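Q: Sharing a structure with you now.
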Amino acid sequence: MRNFLFLVLIFIISTSLFSQQYTSPFELEVNYFYGNILRHNKDIASLIKGHPEGVVLGYNRKTYGLNEWERRYNYPDWGFSFAYQNLKNSELGNTYNFMGHFNFYFLNRKLMFRVAQGIGYNSNPFDIETNISNNAYGSSLFSSTVFMINYKQSITPAISLQGGLTFLHGSNGNSKAPNTGSNSVTFNLGLIYKNGEIPDYIPKGPRMKYKEPIHFNISLQSGLNESDYLGLGRESFLVVTTSIDKTLSKKSKIVFGVEAFFSKFLKNEIAFLAAAFPQFGVTEDQDWKRVGIFLGHELQFNKMALLANVGYYVYYPYDYQGKFYQRVGLKRYFGKQYFGSIAVKTHGAKAEAVEFGLGIRL
């Protein structure tokens, strides 16, 4: 688990630094939030005792178009966030979240949308002896995601006020059970300090058509995960993926593929259910392997891409969370042929695994 989170942190840093270093103005911000924990799963309902509150601290590095990708995305910020969240239940614990982020701007740069991803720490995770109630966090360390949308108003040349909505999500991707996770929707209010004037933006220039031929991809994804039935152990898994992609523009491409899943935790789960709960109709000889097809999209940021897939199992001998699945994550290209990825595979709100991938694009 700690190796997984270290790799996530490396991805976040590389997302922010990209290929060129330069001096630009920066911002410091502090935001207070207060809201509600969503009942996204019936198992978490008993843990919701009050309204979560906390603070988000941020460091924003401004861009003004020195790199082409900055101009394509209307001169976003990149930076780092820290979020403390009091979940108002000692059994659920508090969370401390360290993330890298991007800020995107709309409405004459008055409206800001933030996407943040990183590492979280829960102060009181599940323990079979001391805290059996916390089915949301099965481990101290987890993957943290924050979305924030704020309207900004300048008070002085250096100080601005902002307010809006913040969504906080925490989950370890089922790398250790239990893993219901938590989702909070909150209102926030904050102050921003800017250390200097932003230089003139480099003009975007005329839009140019961009074409690439269809490419063929082969990749392998792996990691560790665990059945929701406690005590069956963490197991490795392997996903073999073949796909084709078509570039639509310098911002995006679509992907279609076929993949085979070899998830050993399902082999353990099938054996357990066949022996312990024969009334469920599960037999020990049921195949634990699956085959799926998927359609996906990649949103390109220089050498990084935000990926999102929707898939359907065409070979599905054992019923686990339904035939549809989703995947969201980050991909990093190394040159024109090779790439690495970190993604979370889910079935709706239920995470199955965090996948680490390596692949080649031909």
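Starting from 1 in every chain, residues are counted up; chains themselves are A, B, ... following the order of the structure tokens, and ligands are numbered from 1 as listed.
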Write out as a PyMOL selection string which residues come within 12 Å of Leu191 of chain A when counting only C-alpha atoms, dropping same-chain ones fewer than 2 positions away.

A: chain A and resi 27-32+55-58+150-156+158-163+188-189+193-194

Q: Please list as JSON, numbers by chain every residue within 12 Å of Arg234 of chain A, counting only C-alpha atoms and excluding residues in the same chain fewer than 3 positions away.

A: {"A": [1, 174, 175, 176, 177, 178, 223, 224, 225, 226, 227, 228, 229, 230, 231, 237, 263, 264, 265, 266, 267, 268, 269, 353]}

Q: With distances taken over only C-alpha atoms, which residue among A:Ser184, A:Gln300, A:Asn122, A:Thr95 lies nearest Tyr34 of chain A?

A: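 Smallest separation from Tyr34 of chain A among the options: A:Ser184.
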
Q: What parts of segment 56-242 of chain A does DSSP call helix (DSSP H, G or I)? I'd like the answer as a PyMOL selection string.

A: chain A and resi 68-72

Q: Kindly save the residues from that selection, with all heavy atoms included, as a compact mmCIF listing (two decimals), in the first residue's frame.

A:
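File produced: again.txt:
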# COMPACT_ATOMS: atom_id res chain seq x y z
N GLU A 68 2.53 25.30 -24.95
CA GLU A 68 1.33 25.29 -25.79
C GLU A 68 0.11 24.75 -25.05
O GLU A 68 -1.00 25.25 -25.22
CB GLU A 68 1.59 24.45 -27.05
CG GLU A 68 0.42 24.46 -28.02
CD GLU A 68 0.63 23.51 -29.19
OE1 GLU A 68 1.62 22.77 -29.18
OE2 GLU A 68 -0.21 23.51 -30.10
N TRP A 69 0.29 23.72 -24.21
CA TRP A 69 -0.84 23.14 -23.51
C TRP A 69 -1.51 24.16 -22.60
O TRP A 69 -2.73 24.10 -22.38
CB TRP A 69 -0.41 21.90 -22.72
CG TRP A 69 0.40 22.21 -21.49
CD1 TRP A 69 1.74 22.29 -21.39
CD2 TRP A 69 -0.12 22.48 -20.18
NE1 TRP A 69 2.12 22.60 -20.11
CE2 TRP A 69 1.01 22.72 -19.35
CE3 TRP A 69 -1.39 22.55 -19.63
CZ2 TRP A 69 0.86 23.02 -17.99
CZ3 TRP A 69 -1.53 22.85 -18.29
CH2 TRP A 69 -0.42 23.07 -17.48
N GLU A 70 -0.75 25.12 -22.06
CA GLU A 70 -1.33 26.15 -21.20
C GLU A 70 -2.30 27.03 -21.99
O GLU A 70 -3.37 27.40 -21.48
CB GLU A 70 -0.22 27.01 -20.60
CG GLU A 70 0.76 26.24 -19.74
CD GLU A 70 2.02 27.03 -19.41
OE1 GLU A 70 2.13 28.19 -19.85
OE2 GLU A 70 2.88 26.50 -18.69
N ARG A 71 -1.95 27.36 -23.20
CA ARG A 71 -2.83 28.18 -24.03
C ARG A 71 -4.10 27.42 -24.42
O ARG A 71 -5.18 28.00 -24.48
CB ARG A 71 -2.07 28.65 -25.28
CG ARG A 71 -0.81 29.47 -24.95
CD ARG A 71 -0.23 30.16 -26.15
NE ARG A 71 0.35 29.25 -27.13
CZ ARG A 71 1.60 28.82 -27.11
NH1 ARG A 71 2.41 29.18 -26.11
NH2 ARG A 71 2.06 28.02 -28.05
N ARG A 72 -3.95 26.12 -24.68
CA ARG A 72 -5.11 25.32 -25.07
C ARG A 72 -6.14 25.25 -23.94
O ARG A 72 -7.34 25.13 -24.19
CB ARG A 72 -4.68 23.90 -25.44
CG ARG A 72 -3.92 23.80 -26.74
CD ARG A 72 -3.98 22.38 -27.31
NE ARG A 72 -3.44 21.38 -26.41
CZ ARG A 72 -2.18 20.95 -26.43
NH1 ARG A 72 -1.34 21.46 -27.31
NH2 ARG A 72 -1.77 20.03 -25.59

Q: I need the residues in segment 107-327 of chain A that are strand (DSSP E or B) according to DSSP; give them as a PyMOL selection string.

A: chain A and resi 111-122+127+131+141-154+159-171+182-194+215-226+234-247+252-263+289-301+304-315+324-327

Q: Could those residues be written to a file, using C-alpha atoms, as a CSV table (one decimal), in the first residue's frame?

A:
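As a result, selection21.csv now contains:
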chain,number,residue,atom,x,y,z
A,111,LEU,CA,-15.1,31.0,-12.0
A,112,MET,CA,-12.5,28.4,-10.9
A,113,PHE,CA,-12.8,24.6,-11.1
A,114,ARG,CA,-10.1,22.5,-9.3
A,115,VAL,CA,-9.2,18.9,-9.7
A,116,ALA,CA,-6.9,17.5,-7.0
A,117,GLN,CA,-5.6,14.0,-6.5
A,118,GLY,CA,-3.2,12.6,-3.9
A,119,ILE,CA,-2.6,10.7,-0.7
A,120,GLY,CA,-4.8,10.7,2.4
A,121,TYR,CA,-4.3,9.6,6.0
A,122,ASN,CA,-7.1,8.4,8.3
A,127,ASP,CA,-9.2,-2.7,13.2
A,131,ASN,CA,-12.4,-0.4,15.8
A,141,LEU,CA,-3.4,5.5,3.9
A,142,PHE,CA,-5.8,5.9,1.0
A,143,SER,CA,-6.2,7.7,-2.3
A,144,SER,CA,-7.7,11.2,-1.9
A,145,THR,CA,-9.7,13.2,-4.6
A,146,VAL,CA,-11.1,16.7,-4.3
A,147,PHE,CA,-13.2,18.7,-6.7
A,148,MET,CA,-13.8,22.4,-6.0
A,149,ILE,CA,-15.8,25.0,-7.9
A,150,ASN,CA,-15.5,28.6,-6.6
A,151,TYR,CA,-16.4,32.1,-7.7
A,152,LYS,CA,-13.6,34.6,-7.1
A,153,GLN,CA,-13.9,38.3,-6.3
A,154,SER,CA,-10.9,40.7,-5.9
A,159,ILE,CA,-6.3,39.7,-1.8
A,160,SER,CA,-9.3,37.9,-3.3
A,161,LEU,CA,-12.4,36.3,-1.7
A,162,GLN,CA,-13.8,33.0,-3.0
A,163,GLY,CA,-16.7,30.8,-2.2
A,164,GLY,CA,-18.4,27.7,-3.6
A,165,LEU,CA,-18.7,24.0,-3.3
A,166,THR,CA,-16.1,21.3,-2.4
A,167,PHE,CA,-16.4,17.5,-3.0
A,168,LEU,CA,-14.0,15.3,-1.0
A,169,HIS,CA,-13.6,11.5,-1.7
A,170,GLY,CA,-11.5,9.0,0.1
A,171,SER,CA,-10.9,5.3,-0.8
A,182,SER,CA,-16.4,8.4,2.2
A,183,ASN,CA,-17.8,11.2,0.1
A,184,SER,CA,-18.4,14.7,1.5
A,185,VAL,CA,-20.2,17.6,-0.3
A,186,THR,CA,-19.5,20.9,1.4
A,187,PHE,CA,-19.8,24.7,1.1
A,188,ASN,CA,-16.5,26.6,1.3
A,189,LEU,CA,-15.4,30.2,1.9
A,190,GLY,CA,-11.8,31.3,1.6
A,191,LEU,CA,-9.2,34.0,1.0
A,192,ILE,CA,-6.4,34.1,-1.6
A,193,TYR,CA,-3.2,36.1,-1.5
A,194,LYS,CA,-1.4,36.8,-4.8
A,215,HIS,CA,-2.8,3.4,-33.2
A,216,PHE,CA,-2.7,-0.1,-31.7
A,217,ASN,CA,-2.0,-0.4,-27.9
A,218,ILE,CA,-1.0,-3.3,-25.7
A,219,SER,CA,-0.7,-2.9,-21.9
A,220,LEU,CA,-0.5,-4.9,-18.7
A,221,GLN,CA,-2.1,-3.7,-15.4
A,222,SER,CA,-1.5,-5.2,-12.0
A,223,GLY,CA,-1.8,-4.6,-8.2
A,224,LEU,CA,-3.2,-6.0,-5.0
A,225,ASN,CA,-6.8,-6.2,-3.8
A,226,GLU,CA,-9.0,-8.1,-1.4
A,234,ARG,CA,-4.8,-9.8,-0.3
A,235,GLU,CA,-4.0,-11.2,-3.7
A,236,SER,CA,-2.3,-10.0,-6.9
A,237,PHE,CA,-4.2,-9.5,-10.1
A,238,LEU,CA,-3.4,-9.1,-13.8
A,239,VAL,CA,-5.2,-7.3,-16.6
A,240,VAL,CA,-4.2,-7.8,-20.2
A,241,THR,CA,-5.5,-5.1,-22.5
A,242,THR,CA,-5.4,-4.6,-26.3
A,243,SER,CA,-6.9,-1.5,-27.8
A,244,ILE,CA,-7.0,1.0,-30.7
A,245,ASP,CA,-7.1,4.7,-30.3
A,246,LYS,CA,-8.0,7.6,-32.6
A,247,THR,CA,-6.7,11.1,-31.9
A,252,SER,CA,-8.5,14.3,-26.8
A,253,LYS,CA,-8.6,10.9,-28.2
A,254,ILE,CA,-11.1,8.0,-28.1
A,255,VAL,CA,-10.1,4.4,-27.3
A,256,PHE,CA,-11.8,1.0,-27.9
A,257,GLY,CA,-10.4,-2.2,-26.4
A,258,VAL,CA,-10.7,-5.8,-25.2
A,259,GLU,CA,-9.2,-6.9,-21.9
A,260,ALA,CA,-8.9,-10.1,-19.8
A,261,PHE,CA,-9.0,-10.0,-16.0
A,262,PHE,CA,-7.2,-12.5,-13.8
A,263,SER,CA,-8.3,-11.6,-10.3
A,289,LYS,CA,-11.6,-15.1,-14.9
A,290,ARG,CA,-13.4,-12.4,-16.9
A,291,VAL,CA,-13.3,-10.8,-20.3
A,292,GLY,CA,-14.5,-7.2,-21.0
A,293,ILE,CA,-14.9,-4.7,-23.8
A,294,PHE,CA,-14.6,-1.0,-23.2
A,295,LEU,CA,-14.9,2.5,-24.7
A,296,GLY,CA,-12.8,5.3,-23.3
A,297,HIS,CA,-11.6,8.8,-23.7
A,298,GLU,CA,-8.3,10.5,-22.9
A,299,LEU,CA,-8.0,14.2,-22.1
A,300,GLN,CA,-4.5,15.3,-23.0
A,301,PHE,CA,-2.2,17.6,-20.9
A,304,MET,CA,-0.1,13.5,-19.2
A,305,ALA,CA,-3.7,12.3,-19.9
A,306,LEU,CA,-6.8,11.9,-17.8
A,307,LEU,CA,-8.4,8.6,-18.8
A,308,ALA,CA,-12.0,7.5,-18.4
A,309,ASN,CA,-13.4,4.2,-19.6
A,310,VAL,CA,-16.8,2.4,-19.5
A,311,GLY,CA,-16.7,-1.4,-19.9
A,312,TYR,CA,-19.0,-4.4,-20.2
A,313,TYR,CA,-18.1,-8.0,-19.4
A,314,VAL,CA,-18.7,-10.4,-22.4
A,315,TYR,CA,-17.4,-13.4,-20.4
A,324,PHE,CA,-20.7,-2.9,-16.2
A,325,TYR,CA,-17.5,-1.4,-14.9
A,326,GLN,CA,-15.7,1.9,-15.0
A,327,ARG,CA,-12.1,3.1,-14.9

Q: With a distance cut-off of 8 Å and only C-alpha atoms, select the neighbouring residues of Pro199 of chain A, excluding the residue or stretch itself and same-chain residues fewer than 2 positions from it, and output the selection as a list in words.

A: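 So, after excluding close chain neighbours, the residues are Tyr64, Glu197 and Tyr201 of chain A.
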
Q: If you measure from atom CA of Gly35 of chain A to atom CA of Ala349 of chain A, what distance in Å do you get, rounded to one decimal?

A: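 Taking atom CA of Gly35 of chain A and atom CA of Ala349 of chain A, their separation equals 20.1 Å.
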
Q: State, in Å with one decimal place, the distance from atom CA of Arg361 of chain A to atom CA of Phe102 of chain A.

A: 26.8 Å

Q: Neighbours of Leu92 of chain A within 10 Å (only C-alpha atoms; same-chain residues fewer than 5 positions away dropped), as JSON, numbers by chain?

A: {"A": [44, 47, 48, 49, 86, 87, 122, 123, 124, 125, 126, 131, 133, 134, 135, 136, 137, 182]}

Q: Which residue gives the smallest distance to Leu232 of chain A among A:Asp200, A:Gly348, A:Ile270, A:Phe334, with only C-alpha atoms counted?

A: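 Among the listed residues, the smallest separation from Leu232 of chain A belongs to A:Ile270.
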
Q: Enter the distance from atom CA of Ser46 of chain A to atom CA of Asn94 of chain A, in Å, rounded to one decimal.

A: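 Between these atoms lies a distance of 16.3 Å.
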
Q: Using only C-alpha atoms, which residues sit within 6 Å of Trp78 of chain A once same-chain residues fewer than 6 positions away are excluded, as a PDB file with N, CA, C and O atoms, in the first residue's frame?

A:
ATOM      1  N   SER A  16       2.485  18.142 -12.356  1.00  0.00           N
ATOM      2  CA  SER A  16       2.618  19.565 -12.091  1.00  0.00           C
ATOM      3  C   SER A  16       3.836  20.182 -12.753  1.00  0.00           C
ATOM      4  O   SER A  16       3.771  21.299 -13.264  1.00  0.00           O
ATOM      5  N   ASN A  60      -0.867  27.868  -5.477  1.00  0.00           N
ATOM      6  CA  ASN A  60      -1.160  27.885  -6.906  1.00  0.00           C
ATOM      7  C   ASN A  60      -0.035  28.558  -7.677  1.00  0.00           C
ATOM      8  O   ASN A  60       0.338  29.690  -7.369  1.00  0.00           O
ATOM      9  N   ARG A  61       0.482  27.868  -8.663  1.00  0.00           N
ATOM     10  CA  ARG A  61       1.475  28.455  -9.555  1.00  0.00           C
ATOM     11  C   ARG A  61       0.781  28.876 -10.837  1.00  0.00           C
ATOM     12  O   ARG A  61       0.135  28.058 -11.496  1.00  0.00           O
ATOM     13  N   HIS A 101      -2.793  19.558  -7.732  1.00  0.00           N
ATOM     14  CA  HIS A 101      -4.044  19.997  -8.346  1.00  0.00           C
ATOM     15  C   HIS A 101      -3.825  20.855  -9.584  1.00  0.00           C
ATOM     16  O   HIS A 101      -2.737  21.393  -9.815  1.00  0.00           O
ATOM     17  N   PHE A 102      -4.898  20.983 -10.375  1.00  0.00           N
ATOM     18  CA  PHE A 102      -5.009  21.941 -11.465  1.00  0.00           C
ATOM     19  C   PHE A 102      -6.226  22.815 -11.207  1.00  0.00           C
ATOM     20  O   PHE A 102      -7.271  22.326 -10.756  1.00  0.00           O
TER      21      PHE A 102
END

Q: So, counting only C-alpha atoms, which residue among A:Phe277, A:Tyr73, A:Phe356, A:Tyr59 is closest to Gly100 of chain A?

A: A:Tyr59

Q: Residues at most 7 Å from segment 341-343 of chain A, counting only C-alpha atoms, excluding those fewer than 5 positions away in the same chain, as a list of chain:residue names?

A: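 The residues satisfying every condition are A:Arg327, A:Val328, A:Gly329, A:Leu330, A:Lys331, A:Arg332, A:Val354, A:Glu355, A:Phe356, A:Gly357, A:Leu358.
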